[in-house]
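Since the structure comes first, as structure tokens, the remarks are kept for the end.
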Amino acid sequence: MKPEEFAKTKIIATLGPASASKEVLRELVEYGGDVVRVNSAHGARENHLEMIQLAREVEQGAGVILTVLYDLAGPKIRVGSLPKAGITLKTGEEITIREGEEYFEGILPIECPGFADMLEPGKRIFINDGVIQLTVLNVAGISVTARVDSGGLVTSRKGVNLPDTIIDLPALSEQDVENLKFGLENGADLCVDTFGRYPAPIGVPGTTNLMKVQVVGEGNGE
């Protein structure tokens, strides 16, 4: 292959319930897919291994080279357990947020140790990919008072993002480290850490790999 024919842009195909079959993946490859993404945040490791093996089978059958990308979940800040129907936050009202897992009347639980310590008045809190937007008014101990700038329904386990804040959490959780080892041992070509905030080498005990973290996410405070 001539250098000018080498494709510098890669098309990533994520394997999931709708695409984790030989027929569908083969079709994705025919349409130009050359990186197969396996998301460690969903499914068990047995499922991840099946997807890696599937990519290798399609690779052999199609006579192409596929890169298997194993996506590490990274730390997650989430809303705790709420009533089954969820709770509605009204635009303009003030609410209390507190570190914890269970809902108490009028208090929104957030599953994240040290959550309040990372915040100060004026900082924003996004819930459910920014559908719900809050502004911090006051911080006292583990409690945060916030104004609802964009309201709506909040249900259990929705993701929380702090777009103006340096998030004081490790880039790799213990689960991520185990998934990283699993991916390296089972043929993943790339392991991606979405929540890396600083370009720096990280060594993982039990592996011989030294990886350079490259920031590929957004809204992580950097």
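In the structure tokens, each chain is lettered A, B, ... as it comes, each chain's residues begin at 1, and ligands are numbered from 1 in order of appearance.
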So that I can see what lies close to stretch 8-18 of chain A, please list as a JSON list (two decimals) with C-alpha atoms, in the first residue's frame the residues with an atom at most 7 Å from it, counting only C-alpha atoms and leaving out residues fewer than 6 positions away in the same chain.
```json
[["chain", "number", "residue", "atom", "x", "y", "z"],
["A", 32, "GLY", "CA", -15.54, 1.18, 6.09],
["A", 33, "GLY", "CA", -15.43, 0.31, 9.78],
["A", 34, "ASP", "CA", -11.87, -0.49, 10.82],
["A", 35, "VAL", "CA", -11.97, -0.08, 14.62],
["A", 36, "VAL", "CA", -14.24, -2.27, 16.76],
["A", 37, "ARG", "CA", -15.17, -0.68, 20.09],
["A", 38, "VAL", "CA", -16.13, -2.85, 23.06]]
```
Near-A:Arg147 list (12 Å; only C-alpha atoms; drop same-chain fewer than 4 positions) as a ChimeraX atom specification:
/A:89-97,121-126,132-138,151
Give me the residues of stretch 36-70 of chain A that have any atom at most 12 Å from an atom of stretch 74-86 of chain A; for each, the nearest atom pair and the distance in Å, rounded to one decimal. Use only C-alpha atoms, sort by chain and number, and format it as a Markdown table.
```
| residue | atom | partner | partner_atom | distance |
| --- | --- | --- | --- | --- |
| A:Asn39 | CA | A:Gly74 | CA | 11.1 |
| A:Ser40 | CA | A:Gly74 | CA | 9.6 |
| A:Ala41 | CA | A:Gly74 | CA | 8.6 |
```
Residue neighbourhood A:Ile127, 6 Å, only C-alpha atoms, exclusion window fewer than 3 positions, as JSON, numbers by chain:
{"A": [130, 132, 159, 160]}
Since we have the selection now, will you write its residues out, keeping N, CA and C atoms, as a PDB file, in the first residue's frame?
```
ATOM      1  N   GLY A 130     -26.789  16.952  30.716  1.00  0.00           N
ATOM      2  CA  GLY A 130     -27.060  18.382  30.616  1.00  0.00           C
ATOM      3  C   GLY A 130     -28.515  18.749  30.413  1.00  0.00           C
ATOM      4  N   ILE A 132     -30.783  18.476  32.695  1.00  0.00           N
ATOM      5  CA  ILE A 132     -31.028  19.208  33.934  1.00  0.00           C
ATOM      6  C   ILE A 132     -29.774  20.020  34.255  1.00  0.00           C
ATOM      7  N   GLY A 159     -26.468  10.089  35.143  1.00  0.00           N
ATOM      8  CA  GLY A 159     -25.114  10.607  35.251  1.00  0.00           C
ATOM      9  C   GLY A 159     -25.091  12.072  35.647  1.00  0.00           C
ATOM     10  N   VAL A 160     -24.037  12.443  36.362  1.00  0.00           N
ATOM     11  CA  VAL A 160     -23.850  13.821  36.817  1.00  0.00           C
ATOM     12  C   VAL A 160     -22.506  14.319  36.305  1.00  0.00           C
TER      13      VAL A 160
END
```
List the neighbours of stretch 49-60 of chain A out to 8 Å using only C-alpha atoms; skip same-chain residues closer than 2 positions along the sequence, and give me the result as number ranges by chain.
A: 15, 20-22, 25-26, 36, 38, 45-47, 62-66, 68, 186-188
